[in-house]
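Report on one structure; see the data block that follows.
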Amino acid sequence: MSAAARWRMSAGLALAVVACAGGAVAAELDEVRRRGELVWAADQEGGGPHVFPAADDPRRLTGFEVELAGMIAERLGVKARFQQGAWDRLPLLLGGVADCVINGIESTPVRRRDYGCSRPYFAYALQIVARRDGALLTPEMLVAPGPRGPWQVGVLSASAAETEMRGRDPAAVFVRSFEGTLDSLEQVRGGVLDAAVLDDCIFTFYADRFPDLRMVGRPFNGGVYTVLTARDTPALGAAIDEALGTLVADGSLEALYDRWHLGGRQQMLLIRDSADVAPAAVPEFRDLLRRVVPTLLQGAGMTILLAVVSFPLAIVVGLMVAICRQYGPRWLDRTLSVYVEILRGTPLMLQLYAIFFLLPRVPWIGVQLPPLVSAVLGLALNYSAYESEIYRAGLKAVPLGQFEAALALGMSRLQALRHVVVPQAARIALPPVTSDFIALFKDTSVCSVITVMELTKRYNILSLTTGRFFELAAVTAILYLVMSWPLALWVRRLERRLEPPGTGPAG
Amino acid sequence: MIEVENLSAERSRQPVLRDVSLSVAPGAVTVLVGPSGGGKSTLLRCLTGLAEFSAGSVLIAGHRLDAGPQPVATLQAVRRDVGMVFQQFNLFPHLTALDNVMLAPRVVLGLLPAVARRRATDLLVRVGLEEHAGKHPSQLSGGQQQRVAIARALAMQPKVMLFDEPTSSLDPAMTGEVLAVVAELARSGQTMVIVTHDHGFARRAATEVVQLAAGRVVARGAAGDLL
C-alpha cells in the first residue's frame with residue numbers, strides 16, 4: 001500500500017469515528033425518550049431526606065430526590081425509574097446501568113472533570129454533631145487533640161465530610177468512615193465516637209431520633225449537590241440541566257423544598273449565588289503514583305496485620321472444634337455443629353456488623369470492641385468454622401489404628417492426638433488450609449464496613465478523591481498479588497518439606 | 001501373669017467371646033489359634049483394654065479390668081505394662097523408625113530425650129535395624145516395619161507382650177525375620193500371648209496353645225498334642 005493510500009484510509013477511518021460519535025450524541029437522548037424511562041441511580045441506605053423507604057410501606061421509596069427525579073423525568077417527557085447502588089460507587093453505574101445519579105452528590109473539582117455535572121439543585125453545609133454530655137463543645141476544639149487523644153470523628157464514606165475531616169491534623173482528629181449515614185450518629189450516641197460530621201439536612205431530618213445529640217456550632221464548608229451524567233452523554237446532561245432550570249424558574253423546586261422543610265426560599269438564593277467549581281486538572285500518572293502509593297502501602301500493612309493475627313486464631317479455634325467434634329461426647333458434637341453451620345451459613349459482613357454494631361446493645365454482656373479487635377475476632381470466628389471442617393476431614397483420614405497404637409503404648413487420648421493424630425491430620429489439611437489463608441487474606445477487605453482502613457478501603461477513598469478508578473485498581477490488584485503470591489510459593493515449599501520421604505510421587 | 005476368668009464380650013450385639021478363661025504364667029508363651037472370627041483378636045484387645053467386655057474379669061501384670069467401661073487411669077496403667085503388636089504394624093508414618101520407638105518412653109514415661117534415644121537405639125539393634133533408624137516407615141519393608149513395631153512396644157519395658165497376627169500381612173521371607181525376633185523374645189523369658197495361623201511357629205515357641213472357635217475355648221494343651 002502506498003503512503004498516500006494509507007493516509008486516505010486513516011483519514012476515512014477518523015471521519016467514520018467522528019460520524020459515529022456525533023450520531024451517539026444525538027442518539028442518547030432519543031434512547032431515553034424511546035425507552036420512556038429516565039433511569040436514575042441512588043442509594044436508599046443513604047437515608048433521609050434524600051432517598052429512603054417510606055415508613056408505612058418499605059417497598060415504596062420517598063425523599064425529596066425521589067420527587068425531584070420524577071419532576072426532571074416529567075420535563076423530559078418520560079417516567080423516572082430508580083436504580084439502587086452503593087453510594088460511593090454510584091458514578092460507576094453511569095453509561096451502562098443508569099442515565100444519571102441524583103443522590104446528594106457534591107459538586108467537586110474531580111467530579112467536574114470526570115463527569116457531566118448539572119447546575120446545582122441543592123445547597124448543603126457540614127454539621128458537627130456530638131453528645132449533649134460529651135467533651136466536644138465548640139467546632140474550634142477539633143483543631144487540637146481532645147482529652148483522650150485525637151477526637152474520634154465518624155463520617156460517611158466518600159462524602160465531602162470525609163474529605164474535609166481527613167484533611168485535618170491526624171493528631172487532632174481520627175476519622176472513621178461508615179457506609180451508612182446513620183451509623184456514625186449511632187456510634188456517637190453509644191459514646192464510641194466523639195462526634196459525627198455530616199450534611200446539615202441529614203441531621204435536621206433525623207434529629208428527633210437522636211435526642212441525646214446536639215449540633216456543635218453552625219454549618220460550615222458549604223457546597224452544592226449536582227446531577228451527574230456520563231461524560232459521553234452531553235445531550236442528556238444538557239436536557240437534565242435545562243429541566244432543572246425550568247424547575248427553578250417556575251417555583252416547583254422551591255415548593256418541593258418547602259414541602260420537605262428544607263427552606264425553599266433560602267435554598268433558591270444559595271444555589272443562585274453558588275460559585276462555579278473549577279474542574280480539576282488531570283494528574284500525571286507518575287504524580288498520581290507518588291501521591292497514592294504510600295497510602296496504599298499503609299492499607300496493605302493493615303491487610304497483612306488482619307490476616308496474620310486472625311488466621312492463627314482461626315486455626316487454633318478450628319482445631320479445637322474439630323477435635324471436640326471428632327473425639328468428644330455426642331452433645332458437644334451437636335452443639336459445635338450448630339456453631340459451624342451458623343458461621344458458615346451467614347455472610348462474614350453480617351457477622352462483622354453484628355460484632356461491631358449490635359454486640360454493644362446486648363443487655364448485660366454488651367461490650368463495644370474497637371474496630372480492629374472486632375475485625376480480627378470476626379475473621380477468626382468465621383474462618384474457624386471452615387478450618388474445623390478441614391481438620392475434621394484430616395482427622396478422619398488418619399486411620400483409627402494410629403490412635404489405637406498410641407493408646408496401646410499407654411498414651412492418654414490427649415497425648416495420642418497431640419503426638420500422633422494431629423501431626424498427620426495437619427499434613428493432610430495443609431493444602432486446603434493454605435488456600436483458606438489466601439481467601440482470608442482477600443476477605444480482610446470486608447472489614448472496611450466496620451471502619452478498618454485496610455487496602456481495599458484505601459483504594460476506595462483514593463479512587464474517589466482522584467477519580468482514577470482503573471489505574472488505582474491495577475495498582476491495588478498488584479499489591480494484593482505481590483502479597484499473596486510469595487505466600488503460596490512458601491506454603492508449597494513447606495508442603496514438600498513436611499512430606500515424609502518416600503511418600504511423594506517419586507517414591 | 002495373666003488370669004482371664006469367664007470373659008464374655010459382644011460386638012454390635014453379637015457375642016464374640018463366651019465364658020472364656022485363660023491363665024498365662026510369667027515367662028510363658030501362649031499361642032491363640034482357631035478359625036477367623038473365632039474371637040482371638042477380640043480376646044487380645046480385651047487384655048489391653050482396647051475392647052470392652054460384658055462379663056468376667058481380667059488380671060494382667062498386676063492390674064484388674066472388669067466388665068464395662070474402665071477408668072482412664074486403669075487403662076493407661078494396664079497399657080503401660082502390656083505391649084501390643086498389630087497385624088497392620090500401625091507405625092507412625094510421620095516419624096522415623098527411631099522416633100517411633102522413642103515417642104512413648106518420652107511422652108508416657110517422661111524419659112529425657114538422650115535416655116529414650118539410647119533405649120530406642122539398643123532395641124533397634126536387638127531387632128537388627130540399627131542402620132534404618134533414620135528412615136521413615138514408608139522406606140522400610142513390611143518385615144522391617146513389624147520389627148520396628150516390636151521394638152516400639154518393647155521400649156515401654158512391658159511385663160506382657162501381645163501379638164495380633166504379626167505376620168499375616170507379610171510374605172514368607174519377611175515372616176521368618178519377624179518370627180526370629182519373637183522367638184528370641186520367648187527365649188529371653190518375655191511373657192507373651194500370640195495370635196497366629198502359623199502352626200509351625202506355634203509348635204516351636206508355644207508353652208501352651210489355646211484354640212478358640214465361635215468365641216469359646218475348644219481345646220488347650222501343649223503344641224505337640226494339639227497341632
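Ordering of the C-alpha cells sets the chain letters (A, B, ...), residue numbers begin anew at 1 in every chain, and ligands are numbered from 1 in the order given.
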
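If we count only C-alpha atoms, these residues of chain A sit within 6 Å of chain B: Gly401, Gln402, Ala408, Leu409, Gly410, Met411 and Gly502 of chain A.
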
Quiz item: Residues at most 8 Å from range 55-65 of chain B, counting only C-alpha atoms, excluding those fewer than 4 positions away in the same chain, as a list in words?
Solution: Met1, Ile2, Glu3, Val4, Glu5, Asn6, Leu7, Ser8, Ala9, Asp19, Leu47, Gly49, Gln70, Thr74, Ala77, Val78, Asp81, Val82, Lys159 and Val160 of chain B

Exercise. Write out as number ranges by chain the residues lying within 9 Å of Val101 in chain A, counting only C-alpha atoms and excluding same-chain residues fewer than 3 positions away.
Key: A: 39-42, 90-91, 93-94, 98, 104-105, 226-229

Preceding selection exported with C-alpha atoms as a short mmCIF file (atom, residue, chain, number, x, y, z; two decimals), in the first residue's frame:
data_model
loop_
_atom_site.label_atom_id
_atom_site.label_comp_id
_atom_site.auth_asym_id
_atom_site.auth_seq_id
_atom_site.Cartn_x
_atom_site.Cartn_y
_atom_site.Cartn_z
CA VAL A 39 -33.01 5.60 34.95
CA TRP A 40 -31.64 7.49 37.97
CA ALA A 41 -29.29 5.92 40.50
CA ALA A 42 -29.21 6.50 44.24
CA LEU A 90 -22.93 5.41 42.13
CA PRO A 91 -20.96 7.26 39.42
CA LEU A 93 -23.22 2.98 37.16
CA LEU A 94 -23.32 5.77 34.59
CA ALA A 98 -28.06 4.34 34.86
CA GLY A 104 -26.62 14.29 47.24
CA ILE A 105 -23.56 14.16 45.01
CA THR A 226 -25.36 18.22 41.28
CA VAL A 227 -26.99 15.68 38.97
CA LEU A 228 -24.25 13.51 37.47
CA THR A 229 -24.32 12.17 33.93
#

Self-check item: Secondary structure check, alpha helix (DSSP H) residues of range 19-193 of chain B, as a ChimeraX atom specification
Solution: /B:40-47,72-81,97-107,113-126,142-154,172-187

Practice problem: Have a look at B:Arg13, B:Leu32, B:Gly134, B:Ala206 and name the one nearest to Ala186 in chain B; count only C-alpha atoms. | Solution: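 Going through B:Arg13, B:Leu32, B:Gly134, B:Ala206 one by one, the smallest distance to Ala186 in chain B is for B:Ala206.
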
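The list of residues with at least one atom within 8 Å of Arg392 in chain A, based on only C-alpha atoms and without residues fewer than 5 positions apart in the same chain, reads A:Ala322, A:Ile323, A:Arg325, A:Gln326.
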
Now that the selection is made, can you save its residues with N, CA and C atoms as a PDB file, in the first residue's frame?
ATOM      1  N   ALA A 322     -12.733 -29.097  65.847  1.00  0.00           N
ATOM      2  CA  ALA A 322     -12.670 -30.365  65.118  1.00  0.00           C
ATOM      3  C   ALA A 322     -12.406 -31.530  66.080  1.00  0.00           C
ATOM      4  N   ILE A 323     -11.459 -31.349  67.012  1.00  0.00           N
ATOM      5  CA  ILE A 323     -11.125 -32.430  67.942  1.00  0.00           C
ATOM      6  C   ILE A 323     -12.304 -32.735  68.859  1.00  0.00           C
ATOM      7  N   ARG A 325     -15.401 -32.266  68.222  1.00  0.00           N
ATOM      8  CA  ARG A 325     -16.477 -32.921  67.471  1.00  0.00           C
ATOM      9  C   ARG A 325     -16.124 -34.368  67.160  1.00  0.00           C
ATOM     10  N   GLN A 326     -14.855 -34.614  66.855  1.00  0.00           N
ATOM     11  CA  GLN A 326     -14.453 -35.950  66.430  1.00  0.00           C
ATOM     12  C   GLN A 326     -14.299 -36.899  67.618  1.00  0.00           C
TER      13      GLN A 326
END
